[in-house]
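Everything below belongs to query-v2.cif, which stores mmCIF, C-alpha atoms.
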```cif
data_entry
#
loop_
_atom_site.label_atom_id
_atom_site.label_comp_id
_atom_site.auth_asym_id
_atom_site.auth_seq_id
_atom_site.Cartn_x
_atom_site.Cartn_y
_atom_site.Cartn_z
CA MET A 1 96.68 101.84 69.21
CA ILE A 2 95.04 104.39 71.52
CA VAL A 3 91.66 103.35 72.90
CA LEU A 4 89.08 105.42 74.77
CA GLY A 5 87.41 103.38 77.52
CA ILE A 6 83.94 104.18 78.92
CA GLU A 7 82.45 102.55 82.03
CA THR A 8 78.84 103.30 83.08
CA SER A 9 77.52 100.00 84.41
CA CYS A 10 76.24 101.25 87.77
CA ASP A 11 76.95 104.36 89.86
CA GLU A 12 80.43 105.39 88.73
CA THR A 13 81.29 107.16 85.48
CA GLY A 14 84.76 106.10 84.37
CA VAL A 15 86.72 107.27 81.32
CA ALA A 16 90.30 106.42 80.33
CA LEU A 17 92.75 106.40 77.44
CA TYR A 18 95.01 103.38 76.99
CA ASP A 19 97.90 103.19 74.53
CA SER A 20 99.05 99.72 73.44
CA ASN A 21 102.63 101.01 73.29
CA ASN A 22 102.81 103.37 76.25
CA GLY A 23 100.20 102.05 78.65
CA LEU A 24 97.61 104.12 80.49
CA LEU A 25 97.67 107.75 79.36
CA SER A 26 94.89 109.25 81.47
CA HIS A 27 91.83 108.28 83.47
CA GLN A 28 88.97 110.09 85.19
CA LEU A 29 86.37 108.77 87.61
CA TYR A 30 83.22 110.33 89.01
CA SER A 31 81.33 108.57 91.80
CA GLN A 32 77.62 109.06 92.45
CA VAL A 33 77.83 107.81 96.05
CA GLU A 34 76.59 111.09 97.55
CA LEU A 35 73.56 111.13 95.22
CA HIS A 36 72.44 107.66 96.25
CA ALA A 37 73.41 107.80 99.94
CA GLU A 38 70.13 109.34 101.10
CA TYR A 39 68.23 106.42 99.53
CA GLY A 40 70.46 103.75 101.07
CA GLY A 41 71.33 102.23 97.68
CA VAL A 42 71.60 102.88 93.95
CA VAL A 43 68.51 104.35 92.28
CA PRO A 44 68.76 103.28 88.60
CA GLU A 45 66.99 106.32 87.12
CA ILE A 46 69.19 108.75 89.07
CA ALA A 47 72.28 106.79 88.01
CA SER A 48 71.35 106.95 84.32
CA ARG A 49 70.63 110.67 84.38
CA ASP A 50 73.87 111.45 86.16
CA HIS A 51 75.90 109.43 83.65
CA ILE A 52 74.35 111.60 80.92
CA ARG A 53 75.35 114.73 82.84
CA LYS A 54 78.96 113.71 83.51
CA LEU A 55 80.11 111.49 80.64
CA ILE A 56 80.91 114.01 77.89
CA PRO A 57 82.74 116.45 80.24
CA LEU A 58 84.80 113.52 81.56
CA ILE A 59 85.69 112.41 78.03
CA LYS A 60 86.86 115.93 77.20
CA GLU A 61 88.90 116.15 80.41
CA THR A 62 90.49 112.73 79.82
CA ILE A 63 91.59 113.66 76.31
CA LYS A 64 92.94 116.99 77.55
CA SER A 65 94.90 115.48 80.45
CA ALA A 66 96.42 112.86 78.13
CA ASP A 67 97.75 115.73 75.99
CA ILE A 68 96.45 114.24 72.75
CA ASN A 69 93.79 115.28 70.28
CA GLN A 70 90.65 113.40 69.30
CA GLY A 71 92.15 112.47 65.93
CA GLN A 72 94.79 110.30 67.63
CA ILE A 73 92.17 107.97 69.17
CA ASP A 74 92.01 104.70 67.20
CA GLY A 75 89.07 102.98 68.88
CA ILE A 76 86.46 103.14 71.63
CA ALA A 77 85.58 100.47 74.21
CA TYR A 78 82.51 100.64 76.40
CA THR A 79 80.87 98.45 79.03
CA ALA A 80 78.06 96.57 77.30
CA GLY A 81 77.06 94.57 80.39
CA PRO A 82 76.27 93.27 82.88
CA GLY A 83 74.83 96.16 84.87
CA LEU A 84 71.89 98.55 85.10
CA VAL A 85 70.32 98.67 81.66
CA GLY A 86 69.72 102.43 81.63
CA ALA A 87 73.25 103.20 82.78
CA LEU A 88 74.70 100.80 80.24
CA LEU A 89 72.72 102.42 77.43
CA VAL A 90 74.20 105.83 78.24
CA GLY A 91 77.73 104.53 77.74
CA ALA A 92 76.83 102.37 74.75
CA SER A 93 74.98 105.11 72.87
CA THR A 94 77.72 107.66 73.56
CA ALA A 95 80.48 105.28 72.45
CA ARG A 96 78.66 104.16 69.31
CA SER A 97 77.80 107.76 68.36
CA LEU A 98 81.39 108.97 68.83
CA GLY A 99 82.73 105.97 66.93
CA TRP A 100 80.41 106.72 64.01
CA ALA A 101 81.22 110.45 64.06
CA TRP A 102 84.98 109.92 64.36
CA GLN A 103 84.92 106.95 61.94
CA ILE A 104 86.78 104.61 64.29
CA PRO A 105 85.86 101.09 65.47
CA THR A 106 84.04 100.40 68.75
CA ILE A 107 83.81 97.33 70.94
CA GLY A 108 81.42 96.36 73.75
CA ILE A 109 83.24 94.90 76.77
CA HIS A 110 82.04 92.58 79.51
CA HIS A 111 82.25 94.41 82.83
CA MET A 112 83.72 91.43 84.67
CA GLU A 113 86.29 90.83 81.94
CA GLY A 114 87.41 94.38 82.61
CA HIS A 115 87.84 93.61 86.32
CA LEU A 116 89.58 90.32 85.53
CA LEU A 117 92.14 92.07 83.32
CA ALA A 118 92.66 95.11 85.59
CA PRO A 119 95.91 93.69 87.08
CA MET A 120 97.33 93.81 83.55
CA LEU A 121 97.55 97.59 83.98
CA GLU A 122 100.33 97.16 86.55
CA GLU A 123 104.08 97.22 85.85
CA ASN A 124 104.38 93.56 86.83
CA PRO A 125 101.28 91.89 85.36
CA PRO A 126 100.40 88.20 85.74
CA THR A 127 100.88 85.78 82.86
CA TYR A 128 98.39 83.25 81.54
CA PRO A 129 97.12 80.83 82.66
CA PHE A 130 95.93 81.88 86.10
CA LEU A 131 93.14 81.46 88.62
CA ALA A 132 90.98 84.55 89.21
CA LEU A 133 88.78 85.39 92.17
CA LEU A 134 86.36 88.09 91.02
CA VAL A 135 84.59 89.72 93.95
CA SER A 136 82.45 92.77 93.26
CA GLY A 137 79.10 94.13 94.42
CA GLY A 138 77.09 91.79 92.23
CA HIS A 139 79.45 88.91 91.46
CA THR A 140 81.58 86.35 93.24
CA LEU A 141 83.34 84.03 90.80
CA LEU A 142 86.28 81.65 90.65
CA VAL A 143 87.49 81.52 87.07
CA GLU A 144 90.24 79.58 85.32
CA VAL A 145 91.77 81.97 82.78
CA ASP A 146 93.80 80.59 79.86
CA GLY A 147 93.79 83.82 77.84
CA ILE A 148 91.53 86.70 76.84
CA GLY A 149 88.07 85.25 76.33
CA CYS A 150 89.18 81.80 77.52
CA TYR A 151 87.26 81.60 80.79
CA THR A 152 86.05 78.53 82.68
CA ILE A 153 83.83 79.23 85.69
CA LEU A 154 84.87 76.92 88.53
CA GLY A 155 82.59 78.36 91.19
CA GLU A 156 80.10 81.17 91.72
CA SER A 157 77.70 82.53 94.29
CA LEU A 158 74.39 80.70 94.41
CA ASP A 159 72.65 83.71 96.01
CA ASP A 160 74.12 87.01 97.25
CA ALA A 161 77.60 87.92 96.08
CA ALA A 162 80.18 88.80 98.73
CA GLY A 163 79.84 92.52 98.05
CA GLU A 164 76.06 92.37 98.37
CA ALA A 165 76.41 90.47 101.65
CA PHE A 166 78.79 93.12 102.99
CA ASP A 167 76.43 95.96 102.04
CA LYS A 168 73.29 94.28 103.40
CA THR A 169 74.99 93.31 106.65
CA ALA A 170 76.28 96.87 107.01
CA LYS A 171 72.69 98.07 106.69
CA MET A 172 71.67 95.71 109.53
CA LEU A 173 74.38 97.34 111.64
CA GLY A 174 73.02 100.81 110.89
CA LEU A 175 75.93 101.88 108.70
CA ASP A 176 75.57 104.38 105.88
CA TYR A 177 75.75 103.61 102.15
CA PRO A 178 77.97 102.24 100.70
CA GLY A 179 78.23 99.94 103.67
CA GLY A 180 80.91 97.42 102.69
CA PRO A 181 83.96 99.63 103.31
CA LEU A 182 82.39 101.01 106.51
CA LEU A 183 81.79 97.49 107.82
CA ALA A 184 85.42 96.59 107.11
CA LYS A 185 86.58 99.67 109.02
CA LEU A 186 84.27 98.87 111.94
CA ALA A 187 85.56 95.29 111.99
CA GLU A 188 89.04 96.60 112.84
CA GLN A 189 87.68 97.53 116.30
CA GLY A 190 86.03 94.15 116.83
CA ASP A 191 87.05 91.33 119.16
CA PRO A 192 87.94 88.33 116.95
CA GLU A 193 87.31 85.87 119.79
CA ARG A 194 83.81 86.91 120.85
CA PHE A 195 81.77 85.36 118.02
CA HIS A 196 82.44 82.62 115.50
CA PHE A 197 80.20 82.66 112.43
CA PRO A 198 79.85 79.67 110.07
CA ARG A 199 81.96 79.40 106.91
CA PRO A 200 79.21 78.65 104.35
CA MET A 201 79.55 75.64 102.05
CA THR A 202 83.09 74.83 103.17
CA ASN A 203 82.06 71.53 104.77
CA ARG A 204 81.15 70.06 101.39
CA PRO A 205 83.10 69.62 98.16
CA GLY A 206 82.91 72.16 95.37
CA LEU A 207 83.85 75.76 94.69
CA ASP A 208 80.48 77.55 94.79
CA PHE A 209 79.67 80.27 97.34
CA SER A 210 76.58 81.12 99.39
CA PHE A 211 76.37 84.13 101.70
CA SER A 212 72.62 84.48 102.22
CA GLY A 213 72.55 82.22 105.29
CA LEU A 214 75.45 84.14 106.80
CA LYS A 215 73.35 87.32 106.70
CA THR A 216 70.55 85.52 108.56
CA PHE A 217 73.03 84.25 111.14
CA THR A 218 74.27 87.82 111.61
CA LEU A 219 70.72 89.14 112.06
CA ASN A 220 69.91 86.47 114.65
CA THR A 221 73.12 87.28 116.54
CA MET A 222 72.29 91.00 116.59
CA GLU A 223 68.80 90.35 118.02
CA GLY A 224 70.32 88.97 121.19
CA LEU A 225 72.58 91.97 121.82
CA SER A 226 72.16 95.44 123.27
CA GLY A 227 73.24 97.12 120.03
CA SER A 228 76.21 98.98 121.51
CA GLN A 229 79.02 100.18 119.28
CA GLN A 230 81.25 97.39 120.59
CA ASP A 231 78.53 94.81 119.86
CA LYS A 232 78.36 96.06 116.28
CA ALA A 233 82.15 96.02 115.91
CA ASP A 234 82.38 92.45 117.23
CA VAL A 235 79.62 91.28 114.87
CA ALA A 236 81.26 93.08 111.95
CA ARG A 237 84.56 91.35 112.74
CA ALA A 238 82.93 87.93 112.96
CA PHE A 239 81.06 88.48 109.70
CA GLN A 240 84.11 89.70 107.81
CA ASP A 241 86.26 86.86 109.15
CA ALA A 242 83.66 84.34 107.97
CA VAL A 243 83.49 85.80 104.45
CA VAL A 244 87.26 86.10 104.12
CA ASP A 245 87.94 82.60 105.48
CA THR A 246 85.33 81.17 103.10
CA MET A 247 86.98 82.77 100.07
CA ILE A 248 90.44 81.66 101.21
CA ILE A 249 89.25 78.06 101.64
CA LYS A 250 87.67 78.06 98.18
CA CYS A 251 90.77 79.61 96.58
CA ARG A 252 92.99 76.98 98.19
CA ARG A 253 90.76 74.25 96.76
CA ALA A 254 90.78 75.84 93.34
CA LEU A 255 94.57 76.24 93.25
CA ARG A 256 95.04 72.58 94.16
CA GLN A 257 92.35 71.44 91.74
CA THR A 258 93.77 73.35 88.78
CA GLU A 259 97.43 73.05 89.84
CA LEU A 260 97.84 76.70 88.89
CA LYS A 261 100.45 78.82 90.66
CA THR A 262 99.10 82.29 89.88
CA LEU A 263 96.11 83.82 91.66
CA VAL A 264 94.52 87.09 90.54
CA ILE A 265 92.10 88.98 92.81
CA ALA A 266 89.94 91.71 91.28
CA GLY A 267 86.68 93.59 91.79
CA GLY A 268 85.56 96.05 94.45
CA VAL A 269 85.87 93.65 97.39
CA SER A 270 89.49 92.93 96.42
CA ALA A 271 90.30 96.27 98.10
CA ASN A 272 89.44 94.71 101.48
CA SER A 273 92.67 94.62 103.50
CA ALA A 274 91.71 91.52 105.50
CA LEU A 275 91.04 89.60 102.28
CA ARG A 276 94.32 90.75 100.76
CA SER A 277 96.27 89.76 103.85
CA GLY A 278 94.63 86.34 104.00
CA LEU A 279 95.24 85.60 100.34
CA GLU A 280 98.85 86.73 100.58
CA LYS A 281 99.35 84.13 103.32
CA LEU A 282 97.57 81.56 101.19
CA GLY A 283 99.86 82.34 98.26
CA LYS A 284 102.96 81.77 100.38
CA ALA A 285 101.58 78.51 101.76
CA GLU A 286 100.66 77.22 98.30
CA GLN A 287 103.77 78.66 96.61
CA ALA A 288 101.57 80.75 94.34
CA GLU A 289 102.02 84.32 93.13
CA VAL A 290 99.15 86.65 94.08
CA TYR A 291 98.26 89.70 91.95
CA TYR A 292 95.88 92.62 92.54
CA PRO A 293 95.05 95.79 90.68
CA ARG A 294 95.98 99.00 92.49
CA LEU A 295 93.22 100.21 94.82
CA GLU A 296 91.89 102.84 92.39
CA PHE A 297 91.28 100.10 89.80
CA CYS A 298 89.52 97.68 92.17
CA THR A 299 86.23 99.56 91.87
CA ASP A 300 84.53 100.29 88.53
CA ASN A 301 86.77 102.37 86.26
CA GLY A 302 87.36 103.24 82.63
CA ALA A 303 91.00 102.07 82.59
CA MET A 304 90.10 98.38 82.79
CA ILE A 305 87.57 98.79 79.97
CA ALA A 306 90.09 100.68 77.81
CA TYR A 307 92.68 97.91 78.34
CA ALA A 308 90.28 95.05 77.61
CA GLY A 309 88.93 96.89 74.59
CA CYS A 310 92.42 97.55 73.26
CA GLN A 311 93.30 93.86 73.36
CA ARG A 312 90.16 92.89 71.46
CA LEU A 313 90.44 95.74 68.94
CA LEU A 314 94.06 94.77 68.24
CA ALA A 315 92.74 91.30 67.40
CA GLU A 316 90.42 92.90 64.78
CA GLU A 317 87.30 92.29 66.87
CA ARG A 318 84.47 94.79 66.37
CA SER A 319 80.92 95.28 67.67
CA PRO A 320 78.01 95.67 65.22
CA LEU A 321 76.49 99.10 64.63
CA GLU A 322 73.36 98.64 66.72
CA ILE A 323 73.39 99.99 70.27
CA THR A 324 72.91 97.17 72.75
CA ALA A 325 73.09 96.72 76.52
CA ILE A 326 73.19 93.32 78.21
CA PRO A 327 72.11 93.62 81.87
CA ARG A 328 72.66 89.88 82.49
CA TRP A 329 75.67 88.33 80.78
CA PRO A 330 77.56 85.28 82.12
CA ILE A 331 81.28 85.70 81.53
CA ASN A 332 81.67 82.18 80.16
CA GLN A 333 79.54 83.22 77.17
CA LEU A 334 82.42 85.33 75.91
CA SER A 335 84.52 84.07 73.03
CA ALA A 336 88.22 84.56 72.45
CA PRO A 337 89.57 86.79 69.68
CA ASN A 338 91.02 84.83 66.77
CA SER A 339 94.55 85.56 67.97
CA ALA A 340 93.81 83.89 71.34
CA LEU A 341 91.83 80.86 70.17
CA SER A 342 94.80 78.50 70.50
CA ALA A 343 95.03 79.30 74.23
CA CYS A 344 91.49 78.05 74.76
CA SER A 345 91.96 74.67 73.13
#
```

Any chance you could put this one into C-alpha cells?
Amino acid sequence: MIVLGIETSCDETGVALYDSNNGLLSHQLYSQVELHAEYGGVVPEIASRDHIRKLIPLIKETIKSADINQGQIDGIAYTAGPGLVGALLVGASTARSLGWAWQIPTIGIHHMEGHLLAPMLEENPPTYPFLALLVSGGHTLLVEVDGIGCYTILGESLDDAAGEAFDKTAKMLGLDYPGGPLLAKLAEQGDPERFHFPRPMTNRPGLDFSFSGLKTFTLNTMEGLSGSQQDKADVARAFQDAVVDTMIIKCRRALRQTELKTLVIAGGVSANSALRSGLEKLGKAEQAEVYYPRLEFCTDNGAMIAYAGCQRLLAEERSPLEITAIPRWPINQLSAPNSALSACS
C-alpha cells in the first residue's frame, strides 16, 4: 500500500509517500520560519494562508520525486489534530478532496501519534512495548506504548511544555525566533558551574512535568546580571541543564516503574544534543535501548503522518467523509485498529 501523508498542524508544510513494502519513497518539507520570525512567533492566519500556497505544489513534487503516478497511491493520511485549527483545516480539506476525487480512502492522524511512530521509519525500529518521551513545542508526555493506538499517559506537563519553555526563555535572552535551537547553541558556550537551577517536581513522586516556575527562576536570575553575552550563555546552560536533568530523572522513574527496556524519544526537542547524550547515558545505566528518529523527522513532517496512516489504513480503518479538525486532542483518546486490539488488553 502506498500512502500520501500530509502534515499542516502549525508552521511547516510536510508531504511524503510511504510504501508498506518498500518504506519511505519521497518526502518534502517547507518551513515558514522566515515568515513568522519578524513577529517573534507563529501567526495562525499567516500559517494557514501559506499552507494553502505551498501544499499542492509540494504534493506534485513529492509524487514526481517518488517516480510514481497518482493512480498508484492507495490512500491519504493527514494530520487531523492537535494544532492550529486553520492550518489543520487546510490539510484536512485538501486530503479529503483528493481522496474523493481519486476514489481512495483517507484517514485523519493524531499529530503526536505521528511523532511517537517516527522512529519506525528507521532501518532498526523499536519493537512494542516501549516507553516514549514525546517532547515537542506544545507537548511533553511520557507514554507507555503497547501497540498502535494502545497508549497510556504516565506523565505530562501541567503548564508549559519543554519546547515552549525553551522558546520563551530564549525570548528572555533576546534570541530570535525560533528560539529553542538558538538557546541550545548558546548553552554550548556557557559555564556549567556558575548557576544551578532547580529541577522542577523531581523532589516529589510522580511523572508529571512543570516548567513554568523554571522560566520565572531564569527571569529573576537575569535581572541580577549585566546582560553580557557570557551572562546569557551561562544562564542558557543552566536552564538547559535543568530541563534535560528533569526529563532524565522522570524517564528513569518511568523505566523502573514500567520495567520496560526500550525508550523512544520523539518530537522537536528530541533533536537537542544535550538531551540525546543524557538519555543515552541513562539507557546504558538502566540497560535499556534508546531510539530516536533521524534529525529531519524530529520536527513536524509528512513522513511520520504517512507511516502512521499506512498502518491504520492497512487495518481497514477509515475516516468519515466530513472534514474535521481537532485543535485539542489528548492522545489517550485514540483507539487501536482491530488488528492491534489484543496488544491493548

Inset, instruction - Step by step, work through what the PyMOL selection byres ((chain A and resi 263) around 12) selects in the shown file, and finish by giving those residues as a PyMOL selection string. - result: chain A and resi 116+119+125-134+142-145+248+251-252+254-256+258-262+264-266+276+279-280+282-284+286-292

Inset, instruction - Show which residues sit within 10 Å of A:Asp300, as a PyMOL selection string. Count only C-alpha atoms, and ignore same-chain residues fewer than 6 positions away. - result: chain A and resi 7-14+29+31+111-112+114-115+136+267-268

Inset, instruction - Using only C-alpha atoms, pick whichever of A:Ile73, A:Ile148, A:Leu88, A:Ile6 has the shortest atom-to-atom distance to A:Asn332. - result: A:Ile148

Legend entry - Exercise: A:Leu183 partners within 8 Å, all atoms listed in the file, chain neighbours under 4 positions left out, as an NGL selection string: :A and (166 or 170 or 175 or 179 or 187 or 236)

Legend entry - Shell of 7 Å around stretch 324-327 of chain A, all atoms listed in the file, local chain residues under 4 positions omitted, as a PyMOL selection string: chain A and resi 80-85+88-89+92

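Here atom CA of A:Glu123 is placed at a distance of 18.1 Å from atom CA of A:Asn301.
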
Inset, instruction - Go through A:Ala184, A:Ala274, A:Ile109, A:Leu25 one by one, measure the shortest atom-to-atom distance of each to A:Thr62 using all atoms listed in the file, and give the residue with the smallest value. - result: A:Leu25

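Comparing the minimum interatomic distances between A:Glu193 and each of A:Ile2, A:Asp241, A:His139, A:Gly108, counting only C-alpha atoms, we find that A:Asp241 sits nearest.
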
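For the set A:Ala165, A:Leu334, A:Leu321, A:Ala315, the residue with the smallest atom-to-atom gap to A:Val243 is A:Ala165, counting only C-alpha atoms.
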
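As for atom CA of A:Gly99 and atom CA of A:Leu314, they are spaced 16.0 Å apart.
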
Legend entry - Counting all atoms listed in the file, the residue of A:Val235, A:Leu225, A:Ile305, A:Ile46 that sits nearest A:His196: A:Val235

Give me the residues near A:Gly86 as a PDB file with C-alpha atoms, in the coordinates of the input, where near means some atom within 9 Å (using all atoms listed in the file) and where sequence neighbours in that chain fewer than 4 positions away do not count.
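Final file, result_18.pdb:
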```pdb
ATOM      1  CA  SER A   9      77.520 100.000  84.410  1.00  0.00           C
ATOM      2  CA  PRO A  44      68.760 103.280  88.600  1.00  0.00           C
ATOM      3  CA  GLU A  45      66.990 106.320  87.120  1.00  0.00           C
ATOM      4  CA  ALA A  47      72.280 106.790  88.010  1.00  0.00           C
ATOM      5  CA  SER A  48      71.350 106.950  84.320  1.00  0.00           C
ATOM      6  CA  ARG A  49      70.630 110.670  84.380  1.00  0.00           C
ATOM      7  CA  VAL A  90      74.200 105.830  78.240  1.00  0.00           C
ATOM      8  CA  ALA A 325      73.090  96.720  76.520  1.00  0.00           C
TER       9      ALA A 325
END
```

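Excluding A:Pro192 itself and any same-chain residue fewer than 4 positions from it, the protein and nucleic acid residues within 7 Å of it, counting all atoms listed in the file, are Asp234, Arg237 and Ala238 of chain A.
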
Output requested as a PDB file, keeping the file's coordinate frame - stretch 51-77 of chain A, filled out with N, CA and C atoms.
```pdb
ATOM      1  N   HIS A  51      74.933 109.814  84.680  1.00  0.00           N
ATOM      2  CA  HIS A  51      75.900 109.430  83.650  1.00  0.00           C
ATOM      3  C   HIS A  51      75.787 110.362  82.441  1.00  0.00           C
ATOM      4  N   ILE A  52      74.561 110.684  82.048  1.00  0.00           N
ATOM      5  CA  ILE A  52      74.350 111.600  80.920  1.00  0.00           C
ATOM      6  C   ILE A  52      74.991 112.957  81.211  1.00  0.00           C
ATOM      7  N   ARG A  53      74.835 113.413  82.455  1.00  0.00           N
ATOM      8  CA  ARG A  53      75.350 114.730  82.840  1.00  0.00           C
ATOM      9  C   ARG A  53      76.880 114.779  82.849  1.00  0.00           C
ATOM     10  N   LYS A  54      77.521 113.675  83.260  1.00  0.00           N
ATOM     11  CA  LYS A  54      78.960 113.710  83.510  1.00  0.00           C
ATOM     12  C   LYS A  54      79.818 113.132  82.393  1.00  0.00           C
ATOM     13  N   LEU A  55      79.261 112.272  81.530  1.00  0.00           N
ATOM     14  CA  LEU A  55      80.110 111.490  80.640  1.00  0.00           C
ATOM     15  C   LEU A  55      80.887 112.341  79.627  1.00  0.00           C
ATOM     16  N   ILE A  56      80.218 113.212  78.904  1.00  0.00           N
ATOM     17  CA  ILE A  56      80.910 114.010  77.890  1.00  0.00           C
ATOM     18  C   ILE A  56      81.973 114.920  78.511  1.00  0.00           C
ATOM     19  N   PRO A  57      81.669 115.652  79.609  1.00  0.00           N
ATOM     20  CA  PRO A  57      82.740 116.450  80.240  1.00  0.00           C
ATOM     21  C   PRO A  57      83.942 115.608  80.666  1.00  0.00           C
ATOM     22  N   LEU A  58      83.694 114.386  81.157  1.00  0.00           N
ATOM     23  CA  LEU A  58      84.800 113.520  81.560  1.00  0.00           C
ATOM     24  C   LEU A  58      85.632 113.075  80.366  1.00  0.00           C
ATOM     25  N   ILE A  59      84.967 112.789  79.248  1.00  0.00           N
ATOM     26  CA  ILE A  59      85.690 112.410  78.030  1.00  0.00           C
ATOM     27  C   ILE A  59      86.603 113.550  77.593  1.00  0.00           C
ATOM     28  N   LYS A  60      86.065 114.761  77.590  1.00  0.00           N
ATOM     29  CA  LYS A  60      86.860 115.930  77.200  1.00  0.00           C
ATOM     30  C   LYS A  60      88.058 116.115  78.132  1.00  0.00           C
ATOM     31  N   GLU A  61      87.830 115.974  79.435  1.00  0.00           N
ATOM     32  CA  GLU A  61      88.900 116.150  80.410  1.00  0.00           C
ATOM     33  C   GLU A  61      89.964 115.068  80.268  1.00  0.00           C
ATOM     34  N   THR A  62      89.538 113.830  79.975  1.00  0.00           N
ATOM     35  CA  THR A  62      90.490 112.730  79.820  1.00  0.00           C
ATOM     36  C   THR A  62      91.386 112.950  78.615  1.00  0.00           C
ATOM     37  N   ILE A  63      90.805 113.380  77.514  1.00  0.00           N
ATOM     38  CA  ILE A  63      91.590 113.660  76.310  1.00  0.00           C
ATOM     39  C   ILE A  63      92.571 114.807  76.568  1.00  0.00           C
ATOM     40  N   LYS A  64      92.087 115.837  77.257  1.00  0.00           N
ATOM     41  CA  LYS A  64      92.940 116.990  77.550  1.00  0.00           C
ATOM     42  C   LYS A  64      94.109 116.602  78.450  1.00  0.00           C
ATOM     43  N   SER A  65      93.840 115.831  79.507  1.00  0.00           N
ATOM     44  CA  SER A  65      94.900 115.480  80.450  1.00  0.00           C
ATOM     45  C   SER A  65      95.904 114.494  79.857  1.00  0.00           C
ATOM     46  N   ALA A  66      95.497 113.767  78.804  1.00  0.00           N
ATOM     47  CA  ALA A  66      96.420 112.860  78.130  1.00  0.00           C
ATOM     48  C   ALA A  66      97.309 113.610  77.135  1.00  0.00           C
ATOM     49  N   ASP A  67      96.988 114.884  76.908  1.00  0.00           N
ATOM     50  CA  ASP A  67      97.750 115.730  75.990  1.00  0.00           C
ATOM     51  C   ASP A  67      97.777 115.159  74.575  1.00  0.00           C
ATOM     52  N   ILE A  68      96.606 114.685  74.124  1.00  0.00           N
ATOM     53  CA  ILE A  68      96.450 114.240  72.750  1.00  0.00           C
ATOM     54  C   ILE A  68      95.233 114.949  72.164  1.00  0.00           C
ATOM     55  N   ASN A  69      95.014 114.759  70.879  1.00  0.00           N
ATOM     56  CA  ASN A  69      93.790 115.280  70.280  1.00  0.00           C
ATOM     57  C   ASN A  69      92.896 114.140  69.868  1.00  0.00           C
ATOM     58  N   GLN A  70      91.644 114.438  69.625  1.00  0.00           N
ATOM     59  CA  GLN A  70      90.650 113.400  69.300  1.00  0.00           C
ATOM     60  C   GLN A  70      91.066 112.575  68.088  1.00  0.00           C
ATOM     61  N   GLY A  71      91.760 113.182  67.133  1.00  0.00           N
ATOM     62  CA  GLY A  71      92.150 112.470  65.930  1.00  0.00           C
ATOM     63  C   GLY A  71      93.163 111.369  66.154  1.00  0.00           C
ATOM     64  N   GLN A  72      93.807 111.348  67.329  1.00  0.00           N
ATOM     65  CA  GLN A  72      94.790 110.300  67.630  1.00  0.00           C
ATOM     66  C   GLN A  72      94.148 109.049  68.240  1.00  0.00           C
ATOM     67  N   ILE A  73      92.860 109.122  68.572  1.00  0.00           N
ATOM     68  CA  ILE A  73      92.170 107.970  69.170  1.00  0.00           C
ATOM     69  C   ILE A  73      91.803 106.988  68.059  1.00  0.00           C
ATOM     70  N   ASP A  74      92.194 105.720  68.234  1.00  0.00           N
ATOM     71  CA  ASP A  74      92.010 104.700  67.200  1.00  0.00           C
ATOM     72  C   ASP A  74      90.788 103.823  67.408  1.00  0.00           C
ATOM     73  N   GLY A  75      90.224 103.827  68.604  1.00  0.00           N
ATOM     74  CA  GLY A  75      89.070 102.980  68.880  1.00  0.00           C
ATOM     75  C   GLY A  75      88.420 103.350  70.197  1.00  0.00           C
ATOM     76  N   ILE A  76      87.207 102.854  70.396  1.00  0.00           N
ATOM     77  CA  ILE A  76      86.460 103.140  71.630  1.00  0.00           C
ATOM     78  C   ILE A  76      85.941 101.816  72.194  1.00  0.00           C
ATOM     79  N   ALA A  77      86.120 101.631  73.494  1.00  0.00           N
ATOM     80  CA  ALA A  77      85.580 100.470  74.210  1.00  0.00           C
ATOM     81  C   ALA A  77      84.594 100.965  75.252  1.00  0.00           C
TER      82      ALA A  77
END
```
